[in-house]
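The next block is target.txt, given as compact mmCIF, C-alpha atoms and all ligand atoms.
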```txt
# COMPACT_ATOMS: atom_id res chain seq x y z
CA MET A 1 17.55 26.53 -56.83
CA VAL A 2 17.24 29.66 -54.75
CA VAL A 3 15.45 32.75 -55.99
CA GLY A 4 13.06 32.38 -58.92
CA GLU A 5 12.13 35.08 -61.39
CA SER A 6 9.19 37.18 -60.31
CA GLY A 7 6.09 35.55 -61.79
CA GLY A 8 8.01 32.29 -62.32
CA ALA A 9 7.37 28.92 -60.74
CA ASP A 10 8.86 30.01 -57.40
CA ALA A 11 7.28 33.47 -57.28
CA PHE A 12 5.42 32.80 -54.02
CA PHE A 13 8.47 31.53 -52.18
CA SER A 14 11.04 33.87 -53.72
CA LYS A 15 9.26 36.84 -52.15
CA TYR A 16 10.03 35.35 -48.74
CA GLU A 17 13.57 34.42 -49.72
CA ALA A 18 14.15 38.03 -50.71
CA LEU A 19 12.74 39.18 -47.37
CA ALA A 20 14.88 36.62 -45.50
CA SER A 21 18.04 37.71 -47.28
CA SER A 22 17.38 41.34 -46.32
CA LEU A 23 17.50 40.48 -42.60
CA PRO A 24 20.65 40.88 -40.47
CA ALA A 25 22.91 37.85 -40.86
CA ARG A 26 25.76 36.36 -38.89
CA GLN A 27 27.58 33.10 -38.54
CA GLY A 28 26.28 31.14 -35.58
CA LEU A 29 26.53 27.65 -34.23
CA GLY A 30 26.93 25.03 -36.94
CA PHE A 31 27.35 25.34 -40.66
CA THR A 32 24.57 27.63 -41.89
CA PRO A 33 24.40 31.38 -41.33
CA TYR A 34 21.66 32.76 -39.11
CA ARG A 35 19.17 35.53 -39.79
CA GLU A 36 17.75 37.78 -37.10
CA TYR A 37 14.03 38.35 -37.10
CA HIS A 38 12.32 40.24 -34.28
CA GLY A 39 15.06 39.40 -31.80
CA PHE A 40 15.45 35.69 -32.62
CA TRP A 41 18.14 33.91 -34.63
CA TYR A 42 16.83 31.56 -37.30
CA PRO A 43 18.95 29.12 -39.29
CA GLU A 44 18.96 30.83 -42.68
CA LEU A 45 17.45 27.85 -44.47
CA LEU A 46 14.33 27.99 -42.29
CA MET A 47 13.76 31.75 -42.43
CA ALA A 48 11.82 32.02 -45.69
CA PRO A 49 9.49 29.07 -45.03
CA THR A 50 8.80 30.37 -41.53
CA LEU A 51 7.83 33.78 -42.88
CA ALA A 52 5.69 32.21 -45.61
CA ALA A 53 3.85 30.08 -43.03
CA ARG A 54 3.37 33.07 -40.76
CA ASP A 55 1.55 34.92 -43.53
CA THR A 56 -0.48 32.20 -45.16
CA PHE A 57 -1.12 29.20 -42.88
CA ALA A 58 -4.79 28.93 -41.92
CA ALA A 59 -5.17 27.22 -38.55
CA ARG A 60 -8.15 25.01 -37.75
CA PRO A 61 -9.58 24.96 -34.23
CA THR A 62 -8.77 21.25 -34.11
CA ASP A 63 -5.07 21.66 -35.02
CA VAL A 64 -2.38 20.55 -32.62
CA ILE A 65 0.86 22.51 -32.94
CA LEU A 66 3.96 21.10 -31.25
CA ALA A 67 6.56 23.77 -30.53
CA THR A 68 10.16 23.31 -29.41
CA VAL A 69 13.65 24.63 -29.68
CA PRO A 70 15.63 22.00 -31.63
CA LYS A 71 17.08 19.28 -29.37
CA SER A 72 14.52 19.72 -26.61
CA GLY A 73 12.82 16.39 -27.32
CA THR A 74 10.80 17.28 -30.43
CA THR A 75 10.98 13.76 -31.87
CA TRP A 76 9.76 12.23 -28.61
CA LEU A 77 6.91 14.73 -28.29
CA LYS A 78 5.86 14.05 -31.89
CA ALA A 79 5.76 10.31 -31.21
CA LEU A 80 3.85 10.67 -27.93
CA VAL A 81 1.24 13.05 -29.31
CA TYR A 82 0.76 10.90 -32.41
CA GLY A 83 0.42 7.83 -30.19
CA VAL A 84 -2.12 9.54 -27.93
CA VAL A 85 -4.25 11.12 -30.64
CA HIS A 86 -4.39 8.05 -32.90
CA ARG A 87 -4.60 5.43 -30.17
CA GLY A 88 -8.10 4.43 -31.19
CA HIS A 89 -7.00 3.48 -34.69
CA HIS A 90 -3.98 1.28 -34.11
CA ALA A 91 -3.12 -1.61 -31.83
CA LEU A 92 -0.54 -0.26 -29.40
CA ALA A 93 0.88 -3.33 -27.76
CA GLY A 94 2.00 -6.53 -29.39
CA GLY A 95 1.16 -5.42 -32.95
CA GLU A 96 3.90 -4.57 -35.40
CA HIS A 97 1.72 -2.45 -37.68
CA HIS A 98 1.55 0.81 -35.79
CA PRO A 99 2.63 3.75 -38.01
CA LEU A 100 5.23 4.68 -35.37
CA LEU A 101 6.87 1.31 -36.05
CA ALA A 102 7.01 1.95 -39.79
CA SER A 103 7.73 5.67 -40.14
CA SER A 104 9.80 8.32 -38.42
CA PRO A 105 7.85 10.65 -36.09
CA HIS A 106 9.10 13.42 -38.39
CA GLU A 107 7.16 11.87 -41.29
CA LEU A 108 4.01 11.40 -39.23
CA VAL A 109 4.07 14.88 -37.69
CA PRO A 110 5.63 17.20 -40.25
CA PHE A 111 7.26 20.52 -39.54
CA LEU A 112 5.19 23.34 -40.98
CA HIS A 113 8.30 24.98 -42.44
CA GLU A 114 9.09 21.79 -44.34
CA LEU A 115 5.68 21.72 -46.01
CA TYR A 116 6.32 25.29 -47.14
CA GLU A 117 9.81 24.67 -48.45
CA ARG A 118 8.62 21.66 -50.46
CA HIS A 119 5.87 23.64 -52.20
CA ARG A 120 7.51 26.76 -53.49
CA SER A 121 5.14 27.94 -56.18
CA ALA A 122 2.20 28.50 -53.81
CA PRO A 123 1.30 27.94 -50.16
CA PRO A 124 0.86 24.18 -49.57
CA VAL A 125 -2.89 24.62 -49.14
CA PRO A 126 -3.91 21.41 -50.95
CA VAL A 127 -1.58 19.37 -48.75
CA LEU A 128 -2.75 21.06 -45.57
CA ASP A 129 -6.41 20.94 -46.58
CA GLY A 130 -6.03 17.26 -47.34
CA MET A 131 -4.80 16.42 -43.83
CA PRO A 132 -7.57 14.95 -41.70
CA SER A 133 -8.39 16.64 -38.41
CA PRO A 134 -6.84 16.81 -35.95
CA ARG A 135 -3.82 17.91 -37.94
CA LEU A 136 -0.58 17.39 -36.01
CA LEU A 137 2.09 19.90 -37.04
CA ALA A 138 5.40 20.98 -35.53
CA VAL A 139 7.27 24.26 -35.41
CA HIS A 140 10.44 25.67 -33.90
CA THR A 141 9.06 29.18 -34.34
CA PRO A 142 9.05 31.55 -31.36
CA PHE A 143 5.52 32.23 -30.12
CA ALA A 144 5.44 35.79 -31.43
CA ALA A 145 6.24 34.62 -34.98
CA LEU A 146 3.71 31.80 -35.16
CA PRO A 147 1.33 32.01 -38.11
CA ALA A 148 -1.01 34.90 -37.44
CA SER A 149 -3.99 32.54 -37.64
CA VAL A 150 -2.85 30.36 -34.70
CA PRO A 151 -3.57 32.55 -31.66
CA GLY A 152 -7.29 32.90 -31.36
CA SER A 153 -8.06 29.91 -33.58
CA GLY A 154 -8.74 27.71 -30.57
CA CYS A 155 -6.13 25.20 -31.70
CA ARG A 156 -3.90 23.54 -29.10
CA VAL A 157 -0.22 24.39 -28.78
CA VAL A 158 2.06 22.04 -26.85
CA TYR A 159 5.45 23.47 -25.96
CA LEU A 160 8.33 21.32 -24.75
CA CYS A 161 11.54 22.78 -23.39
CA ARG A 162 14.63 21.34 -21.76
CA ASP A 163 17.48 22.41 -19.51
CA PRO A 164 19.48 24.68 -21.86
CA LYS A 165 22.73 22.93 -20.83
CA ASP A 166 21.43 19.57 -22.09
CA THR A 167 19.92 21.25 -25.14
CA PHE A 168 23.31 22.76 -25.95
CA VAL A 169 25.16 19.46 -25.56
CA SER A 170 22.55 17.63 -27.63
CA LEU A 171 22.72 20.33 -30.32
CA ARG A 172 26.50 20.18 -30.50
CA HIS A 173 26.41 16.40 -31.01
CA PHE A 174 23.63 16.70 -33.58
CA LEU A 175 25.40 19.37 -35.62
CA ASP A 176 28.55 17.27 -35.61
CA GLU A 177 26.57 14.25 -36.76
CA ILE A 178 24.74 15.97 -39.61
CA LYS A 179 27.40 18.35 -40.91
CA PRO A 180 27.81 18.22 -44.67
CA GLU A 181 30.96 16.49 -45.82
CA GLY A 182 33.95 18.80 -45.81
CA SER A 183 32.46 21.32 -43.35
CA ASP A 184 33.71 21.82 -39.81
CA THR A 185 31.85 21.85 -36.52
CA THR A 186 32.11 25.10 -34.57
CA PRO A 187 34.79 24.50 -31.89
CA PHE A 188 33.19 23.56 -28.56
CA ALA A 189 34.17 26.67 -26.58
CA GLU A 190 33.12 28.99 -29.41
CA ALA A 191 29.83 27.12 -29.82
CA PHE A 192 29.14 27.53 -26.11
CA GLU A 193 29.81 31.28 -26.24
CA LEU A 194 27.47 31.64 -29.21
CA PHE A 195 24.77 29.69 -27.37
CA CYS A 196 25.22 31.94 -24.32
CA ALA A 197 24.92 34.98 -26.61
CA GLY A 198 21.63 33.62 -27.94
CA VAL A 199 22.96 32.88 -31.43
CA SER A 200 21.65 29.33 -31.65
CA PRO A 201 18.73 27.83 -33.60
CA PHE A 202 15.69 29.94 -32.71
CA GLY A 203 17.62 31.45 -29.83
CA PRO A 204 17.94 33.12 -27.46
CA ILE A 205 16.58 29.93 -25.91
CA TRP A 206 15.42 31.78 -22.77
CA ASP A 207 13.30 34.20 -24.82
CA HIS A 208 11.82 31.27 -26.74
CA MET A 209 10.80 29.60 -23.47
CA ALA A 210 9.53 32.84 -21.95
CA GLY A 211 7.26 33.54 -24.94
CA TYR A 212 5.46 30.20 -24.68
CA TRP A 213 5.49 30.28 -20.88
CA LYS A 214 3.69 33.62 -20.84
CA GLU A 215 1.04 32.32 -23.23
CA SER A 216 0.56 29.10 -21.25
CA VAL A 217 -0.13 31.17 -18.15
CA ALA A 218 -2.50 33.51 -20.00
CA ARG A 219 -4.32 30.77 -21.95
CA PRO A 220 -3.79 27.44 -20.17
CA GLY A 221 -6.59 25.79 -22.14
CA GLU A 222 -4.79 26.50 -25.42
CA VAL A 223 -1.07 26.43 -24.64
CA MET A 224 0.49 23.66 -22.57
CA PHE A 225 4.04 24.12 -21.28
CA LEU A 226 6.06 20.96 -20.72
CA ARG A 227 9.60 20.24 -19.64
CA TYR A 228 11.70 17.34 -20.88
CA GLU A 229 12.90 16.65 -17.34
CA HIS A 230 9.34 16.28 -16.05
CA LEU A 231 8.40 14.15 -19.02
CA LYS A 232 11.30 11.82 -18.20
CA GLU A 233 10.40 11.75 -14.52
CA ASP A 234 6.72 10.94 -14.99
CA THR A 235 6.09 10.04 -18.60
CA VAL A 236 2.79 8.24 -18.01
CA GLY A 237 1.37 11.02 -15.81
CA THR A 238 2.42 13.68 -18.32
CA VAL A 239 0.95 11.72 -21.21
CA ARG A 240 -2.36 11.49 -19.35
CA ARG A 241 -2.35 15.26 -18.80
CA LEU A 242 -1.45 15.73 -22.44
CA ALA A 243 -4.42 13.62 -23.54
CA GLU A 244 -6.73 15.70 -21.35
CA PHE A 245 -5.31 18.91 -22.73
CA LEU A 246 -5.82 17.66 -26.28
CA GLY A 247 -9.45 16.90 -25.53
CA CYS A 248 -9.08 13.12 -25.73
CA PRO A 249 -8.59 12.01 -22.11
CA PHE A 250 -7.91 8.35 -21.40
CA THR A 251 -11.09 6.62 -20.25
CA ASP A 252 -11.17 4.67 -16.99
CA GLU A 253 -11.25 1.53 -19.07
CA GLU A 254 -8.13 2.60 -20.96
CA VAL A 255 -6.35 3.46 -17.73
CA VAL A 256 -7.21 0.07 -16.23
CA GLY A 257 -6.15 -1.57 -19.48
CA GLY A 258 -2.74 0.13 -19.35
CA VAL A 259 -3.19 2.14 -22.56
CA PRO A 260 -1.19 5.20 -21.33
CA GLU A 261 1.69 2.86 -20.43
CA ALA A 262 1.45 1.23 -23.86
CA VAL A 263 1.77 4.61 -25.60
CA VAL A 264 4.78 5.44 -23.47
CA ALA A 265 6.42 2.08 -24.17
CA LEU A 266 5.84 2.45 -27.90
CA CYS A 267 7.57 5.86 -27.84
CA SER A 268 10.48 4.91 -25.58
CA LEU A 269 13.92 5.79 -26.85
CA ASP A 270 14.96 2.14 -27.18
CA ARG A 271 11.78 1.16 -29.03
CA MET A 272 11.98 4.15 -31.37
CA ARG A 273 15.67 3.63 -32.01
CA SER A 274 15.08 0.03 -33.05
CA VAL A 275 12.54 0.96 -35.75
CA GLU A 276 14.08 0.50 -39.18
CA ALA A 277 12.88 3.90 -40.44
CA ASN A 278 14.53 5.60 -37.46
CA ARG A 279 17.70 3.50 -37.69
CA ASP A 280 18.37 3.58 -41.43
CA GLY A 281 16.01 6.20 -42.86
CA VAL A 282 16.84 9.71 -43.98
CA HIS A 283 14.95 12.90 -43.24
CA ARG A 284 15.09 15.40 -46.10
CA THR A 285 14.67 19.00 -45.11
CA GLY A 286 15.45 21.86 -47.48
CA ARG A 287 18.90 21.23 -48.86
CA LEU A 288 19.87 18.91 -46.02
CA SER A 289 19.55 15.16 -45.71
CA ILE A 290 19.67 14.05 -42.10
CA LYS A 291 20.07 10.44 -41.06
CA ASN A 292 17.12 9.69 -38.78
CA ARG A 293 19.35 7.97 -36.26
CA ALA A 294 20.84 11.39 -35.40
CA PHE A 295 17.57 12.21 -33.60
CA PHE A 296 18.09 9.41 -31.07
CA ARG A 297 21.15 9.65 -28.86
CA LYS A 298 21.22 9.24 -25.07
CA GLY A 299 18.02 10.91 -23.96
CA GLU A 300 19.38 11.59 -20.48
CA VAL A 301 18.77 14.40 -18.03
CA GLY A 302 22.06 15.96 -16.96
CA ASP A 303 24.25 14.59 -19.76
CA TRP A 304 25.79 18.09 -19.83
CA LYS A 305 27.89 17.09 -16.80
CA ALA A 306 30.01 14.88 -19.05
CA HIS A 307 30.68 17.70 -21.50
CA ILE A 308 30.73 21.14 -19.91
CA THR A 309 32.62 22.37 -16.89
CA PRO A 310 30.89 23.53 -13.68
CA GLU A 311 32.04 27.08 -14.52
CA MET A 312 30.43 26.96 -17.95
CA ALA A 313 27.28 25.49 -16.43
CA GLN A 314 27.15 28.27 -13.89
CA LYS A 315 27.61 30.89 -16.57
CA LEU A 316 24.72 29.58 -18.67
CA ASP A 317 22.51 29.04 -15.60
CA SER A 318 23.12 32.64 -14.47
CA ILE A 319 22.25 34.04 -17.89
CA VAL A 320 19.04 32.02 -18.06
CA GLU A 321 18.09 32.89 -14.48
CA GLU A 322 18.73 36.57 -15.07
CA LYS A 323 16.80 36.65 -18.35
CA LEU A 324 13.81 34.79 -16.92
CA ARG A 325 13.68 36.82 -13.71
CA GLY A 326 10.17 38.10 -13.09
CA SER A 327 8.60 35.78 -15.65
CA GLY A 328 7.50 33.20 -13.07
CA LEU A 329 9.47 30.55 -14.96
CA SER A 330 12.55 29.04 -13.38
CA ILE A 331 14.72 26.69 -15.40
CA ALA A 332 18.36 27.20 -14.48
CA GLY A 333 20.20 25.06 -11.99
CA GLU A 334 17.54 22.43 -11.40
P1 LIG B 1 20.32 13.78 -26.46
O1 LIG B 1 21.13 14.30 -27.61
O2 LIG B 1 20.58 14.49 -25.17
O3 LIG B 1 20.40 12.31 -26.31
P2 LIG B 1 14.98 16.67 -30.82
O4 LIG B 1 14.02 15.58 -31.04
O5 LIG B 1 14.34 17.96 -30.41
O6 LIG B 1 15.92 16.80 -31.95
O7 LIG B 1 15.81 16.28 -29.51
C1 LIG B 1 16.71 15.21 -29.57
C2 LIG B 1 16.98 14.79 -28.14
O8 LIG B 1 15.86 14.03 -27.65
C3 LIG B 1 18.18 13.85 -28.07
O9 LIG B 1 18.77 14.09 -26.80
C4 LIG B 1 17.52 12.51 -28.17
O10 LIG B 1 18.31 11.44 -27.69
C5 LIG B 1 16.28 12.72 -27.31
N1 LIG B 1 15.21 11.77 -27.64
C6 LIG B 1 14.82 11.34 -28.86
N2 LIG B 1 13.84 10.44 -28.75
C7 LIG B 1 13.61 10.27 -27.43
C8 LIG B 1 12.72 9.42 -26.69
N3 LIG B 1 11.90 8.58 -27.30
N4 LIG B 1 12.76 9.50 -25.34
C9 LIG B 1 13.59 10.37 -24.72
N5 LIG B 1 14.46 11.18 -25.36
C10 LIG B 1 14.47 11.13 -26.71
```
Go through the file and emit its structure as structure tokens.
Amino acid sequence: MVVGESGGADAFFSKYEALASSLPARQGLGFTPYREYHGFWYPELLMAPTLAARDTFAARPTDVILATVPKSGTTWLKALVYGVVHRGHHALAGGEHHPLLASSPHELVPFLHELYERHRSAPPVPVLDGMPSPRLLAVHTPFAALPASVPGSGCRVVYLCRDPKDTFVSLRHFLDEIKPEGSDTTPFAEAFELFCAGVSPFGPIWDHMAGYWKESVARPGEVMFLRYEHLKEDTVGTVRRLAEFLGCPFTDEEVVGGVPEAVVALCSLDRMRSVEANRDGVHRTGRLSIKNRAFFRKGEVGDWKAHITPEMAQKLDSIVEEKLRGSGLSIAGE
């Protein structure tokens, strides 16, 4: 089902599909075409729901929005934030009944665009209204295209980014893993050139980072900017900062009791990978079914070294450095 008749069951959504299909299109990395909207390349399937959310989502001051470029550690961030925010309700250590041990982080912290694509006849207001506060929601949307109600609502935005070289390598593996039967993966060298040209999911990646970076500098109480590399290096420290930012700092008693460490252990790659829902479950998004295990691979910093040449690395680093010059953000070459 794609475009419904005007006034039909899909009338709400079909307006956005029509708008999406009027935007410039080109083939990018992977198997779906991309649409260009205000300087960013969106996977075509996510364009209409993103536009629908932009126009109609009503943010609450208590909302927590997690924002990433795909393959920057979204799944990990979802798990950590869920673990932090709901730590009072569930036993973290020893117990086997924590929701993170029964469901994928993608079920517990839904993508906003997925809620919109599942409810095509009208905005998913009943679903969103029915979510208890604080609502945890995720987006890949560039800052400038976030729902108009988000900036100024007082809600918290947590942005996580990653060395673009590792993001590219992770993306390439992911696309290969999830490609529909019979379709081909973009050849490696071509995929790399497209990534360097910015034609990647929600790319250019450097503009995506710069948008959130700028906001985090302007409004540090509302937008927190994190890096995957720092999260790996000091997960417990970052999780404690995250809890403070979200308005639910760990108490001295919790710190002494090792609660931050317990959240981190619960969300570790090995622990998450061993959960049945993450190992054998399937994530349904739009017309795609993605095996949850595709979200858990190596989780290493610098895995790019095994896949891209020093020349390619230098090329991407130079582009990122050049594009971020003057922004105060430095990512390349670290
Ligand atoms: P690699 O492909 O480099 O291993 P996303 O969640 O945005 O799709 O990102 C997926 C990347 O995050 C993958 O990177 C994946 O292995 C890594 N990842 C998933 N869960 C993680 C965890 N609990 N800890 C660290 N990295 C994790």
(message) What does the list of residues within 7 Å of ligand LIG 1 (chain B) look like if you count all atoms listed in the file, written as a ChimeraX atom specification?
(response) /A:68-76,166-167,169-171,173-174,267-269,272,295-300,303
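Relative to CA of Glu96 (chain A), CA of Arg240 (chain A) is found at 23.6 Å.
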(request) Tell me, in Å to one decimal, how far CA of Val125 (chain A) is from CA of Tyr16 (chain A). (result)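 Straight-line distance from CA of Val125 (chain A) to CA of Tyr16 (chain A) works out to 16.8 Å.
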(message) Quick check, in Å to one decimal: how far apart do CA of Met224 (chain A) and CA of Cys161 (chain A) lie?
(response) 11.1 Å
(request) Do a neighbour search on His113 (chain A) at 12 Å with only C-alpha atoms, toss out local chain neighbours closer than 6 positions, and write the hits as a ChimeraX atom specification. (result) /A:13,42-43,45-54,56-57,119-120,123-124,137-141,146-147,285-286
Edge lengths and centre in Å, axis-aligned, region 140-151 of chain A plus 3 Å each side, as AutoDock Vina command-line options:
```
--center_x 3.2 --center_y 30.7 --center_z -34.1 --size_x 20.4 --size_y 16.1 --size_z 14.0
```
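Nearest-residue note for Ser153 (chain A): choosing from A:Ala59, A:Val264, A:Ala18, A:Val320, the minimum distance belongs to A:Ala59, counting all atoms listed in the file.
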(request) Name the closest residue to Phe31 (chain A) among the candidates A:Pro180, A:Pro132, A:Pro61, A:Gly237; distances are taken between atoms, counting all atoms listed in the file. (result) A:Pro180
(request) Tell me which of A:Asp55, A:Glu36, A:Glu229, A:Glu321 sits closest to Lys15 (chain A), counting all atoms listed in the file. (result)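 Using all atoms listed in the file, the shortest distance to Lys15 (chain A) belongs to A:Asp55.
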(request) Would you list the contacts of region 82-86 of chain A as a PyMOL selection string, taking every protein, DNA or RNA residue within 12 Å and counting only C-alpha atoms, but skipping same-chain residues closer than 4 positions in sequence? (result) chain A and resi 62-66+75-78+90-93+98-101+103-110+132-138+236+238-250+254+259-268
Complete region 308-331 of chain A at the level of N, CA, C and O atoms, written as a PDB file, in the coordinates of the input.
```
ATOM      1  N   ILE A 308      30.392  19.745 -20.197  1.00  0.00           N
ATOM      2  CA  ILE A 308      30.730  21.140 -19.910  1.00  0.00           C
ATOM      3  C   ILE A 308      31.161  21.283 -18.445  1.00  0.00           C
ATOM      4  O   ILE A 308      30.708  20.543 -17.582  1.00  0.00           O
ATOM      5  N   THR A 309      32.045  22.219 -18.217  1.00  0.00           N
ATOM      6  CA  THR A 309      32.620  22.370 -16.890  1.00  0.00           C
ATOM      7  C   THR A 309      31.599  23.020 -15.943  1.00  0.00           C
ATOM      8  O   THR A 309      30.663  23.696 -16.411  1.00  0.00           O
ATOM      9  N   PRO A 310      31.810  22.865 -14.622  1.00  0.00           N
ATOM     10  CA  PRO A 310      30.890  23.530 -13.680  1.00  0.00           C
ATOM     11  C   PRO A 310      30.866  25.048 -13.889  1.00  0.00           C
ATOM     12  O   PRO A 310      29.817  25.674 -13.739  1.00  0.00           O
ATOM     13  N   GLU A 311      32.005  25.623 -14.301  1.00  0.00           N
ATOM     14  CA  GLU A 311      32.040  27.080 -14.520  1.00  0.00           C
ATOM     15  C   GLU A 311      31.150  27.465 -15.714  1.00  0.00           C
ATOM     16  O   GLU A 311      30.411  28.448 -15.681  1.00  0.00           O
ATOM     17  N   MET A 312      31.259  26.674 -16.770  1.00  0.00           N
ATOM     18  CA  MET A 312      30.430  26.960 -17.950  1.00  0.00           C
ATOM     19  C   MET A 312      28.947  26.801 -17.584  1.00  0.00           C
ATOM     20  O   MET A 312      28.097  27.609 -17.968  1.00  0.00           O
ATOM     21  N   ALA A 313      28.668  25.744 -16.823  1.00  0.00           N
ATOM     22  CA  ALA A 313      27.280  25.490 -16.430  1.00  0.00           C
ATOM     23  C   ALA A 313      26.747  26.672 -15.631  1.00  0.00           C
ATOM     24  O   ALA A 313      25.620  27.143 -15.856  1.00  0.00           O
ATOM     25  N   GLN A 314      27.589  27.157 -14.727  1.00  0.00           N
ATOM     26  CA  GLN A 314      27.150  28.270 -13.890  1.00  0.00           C
ATOM     27  C   GLN A 314      26.906  29.528 -14.727  1.00  0.00           C
ATOM     28  O   GLN A 314      25.957  30.277 -14.503  1.00  0.00           O
ATOM     29  N   LYS A 315      27.770  29.704 -15.703  1.00  0.00           N
ATOM     30  CA  LYS A 315      27.610  30.890 -16.570  1.00  0.00           C
ATOM     31  C   LYS A 315      26.259  30.831 -17.302  1.00  0.00           C
ATOM     32  O   LYS A 315      25.491  31.803 -17.285  1.00  0.00           O
ATOM     33  N   LEU A 316      25.973  29.690 -17.917  1.00  0.00           N
ATOM     34  CA  LEU A 316      24.720  29.580 -18.670  1.00  0.00           C
ATOM     35  C   LEU A 316      23.509  29.658 -17.729  1.00  0.00           C
ATOM     36  O   LEU A 316      22.523  30.353 -18.013  1.00  0.00           O
ATOM     37  N   ASP A 317      23.609  28.981 -16.574  1.00  0.00           N
ATOM     38  CA  ASP A 317      22.510  29.040 -15.600  1.00  0.00           C
ATOM     39  C   ASP A 317      22.233  30.490 -15.179  1.00  0.00           C
ATOM     40  O   ASP A 317      21.075  30.900 -15.068  1.00  0.00           O
ATOM     41  N   SER A 318      23.315  31.252 -14.938  1.00  0.00           N
ATOM     42  CA  SER A 318      23.120  32.640 -14.470  1.00  0.00           C
ATOM     43  C   SER A 318      22.455  33.469 -15.550  1.00  0.00           C
ATOM     44  O   SER A 318      21.577  34.290 -15.253  1.00  0.00           O
ATOM     45  N   ILE A 319      22.873  33.261 -16.798  1.00  0.00           N
ATOM     46  CA  ILE A 319      22.250  34.040 -17.890  1.00  0.00           C
ATOM     47  C   ILE A 319      20.756  33.719 -17.953  1.00  0.00           C
ATOM     48  O   ILE A 319      19.913  34.613 -17.988  1.00  0.00           O
ATOM     49  N   VAL A 320      20.444  32.429 -17.926  1.00  0.00           N
ATOM     50  CA  VAL A 320      19.040  32.020 -18.060  1.00  0.00           C
ATOM     51  C   VAL A 320      18.228  32.557 -16.878  1.00  0.00           C
ATOM     52  O   VAL A 320      17.132  33.111 -17.045  1.00  0.00           O
ATOM     53  N   GLU A 321      18.800  32.426 -15.681  1.00  0.00           N
ATOM     54  CA  GLU A 321      18.090  32.890 -14.480  1.00  0.00           C
ATOM     55  C   GLU A 321      17.807  34.389 -14.581  1.00  0.00           C
ATOM     56  O   GLU A 321      16.696  34.852 -14.340  1.00  0.00           O
ATOM     57  N   GLU A 322      18.843  35.112 -14.964  1.00  0.00           N
ATOM     58  CA  GLU A 322      18.730  36.570 -15.070  1.00  0.00           C
ATOM     59  C   GLU A 322      17.671  36.965 -16.121  1.00  0.00           C
ATOM     60  O   GLU A 322      16.817  37.817 -15.888  1.00  0.00           O
ATOM     61  N   LYS A 323      17.727  36.290 -17.265  1.00  0.00           N
ATOM     62  CA  LYS A 323      16.800  36.650 -18.350  1.00  0.00           C
ATOM     63  C   LYS A 323      15.349  36.264 -18.033  1.00  0.00           C
ATOM     64  O   LYS A 323      14.421  36.898 -18.520  1.00  0.00           O
ATOM     65  N   LEU A 324      15.191  35.224 -17.220  1.00  0.00           N
ATOM     66  CA  LEU A 324      13.810  34.790 -16.920  1.00  0.00           C
ATOM     67  C   LEU A 324      13.256  35.436 -15.656  1.00  0.00           C
ATOM     68  O   LEU A 324      12.092  35.206 -15.307  1.00  0.00           O
ATOM     69  N   ARG A 325      14.117  36.228 -14.977  1.00  0.00           N
ATOM     70  CA  ARG A 325      13.680  36.820 -13.710  1.00  0.00           C
ATOM     71  C   ARG A 325      12.376  37.610 -13.890  1.00  0.00           C
ATOM     72  O   ARG A 325      12.253  38.374 -14.845  1.00  0.00           O
ATOM     73  N   GLY A 326      11.438  37.355 -13.021  1.00  0.00           N
ATOM     74  CA  GLY A 326      10.170  38.100 -13.090  1.00  0.00           C
ATOM     75  C   GLY A 326       9.135  37.441 -13.984  1.00  0.00           C
ATOM     76  O   GLY A 326       7.974  37.844 -13.993  1.00  0.00           O
ATOM     77  N   SER A 327       9.561  36.412 -14.727  1.00  0.00           N
ATOM     78  CA  SER A 327       8.600  35.780 -15.650  1.00  0.00           C
ATOM     79  C   SER A 327       7.743  34.728 -14.949  1.00  0.00           C
ATOM     80  O   SER A 327       6.722  34.291 -15.478  1.00  0.00           O
ATOM     81  N   GLY A 328       8.204  34.292 -13.762  1.00  0.00           N
ATOM     82  CA  GLY A 328       7.500  33.200 -13.070  1.00  0.00           C
ATOM     83  C   GLY A 328       8.012  31.839 -13.505  1.00  0.00           C
ATOM     84  O   GLY A 328       7.608  30.815 -12.957  1.00  0.00           O
ATOM     85  N   LEU A 329       8.907  31.819 -14.481  1.00  0.00           N
ATOM     86  CA  LEU A 329       9.470  30.550 -14.960  1.00  0.00           C
ATOM     87  C   LEU A 329      10.895  30.415 -14.434  1.00  0.00           C
ATOM     88  O   LEU A 329      11.686  31.355 -14.523  1.00  0.00           O
ATOM     89  N   SER A 330      11.197  29.265 -13.879  1.00  0.00           N
ATOM     90  CA  SER A 330      12.550  29.040 -13.380  1.00  0.00           C
ATOM     91  C   SER A 330      13.072  27.751 -14.002  1.00  0.00           C
ATOM     92  O   SER A 330      12.472  26.693 -13.862  1.00  0.00           O
ATOM     93  N   ILE A 331      14.184  27.839 -14.691  1.00  0.00           N
ATOM     94  CA  ILE A 331      14.720  26.690 -15.400  1.00  0.00           C
ATOM     95  C   ILE A 331      16.123  26.347 -14.915  1.00  0.00           C
ATOM     96  O   ILE A 331      16.479  25.190 -14.708  1.00  0.00           O
TER      97      ILE A 331
END
```
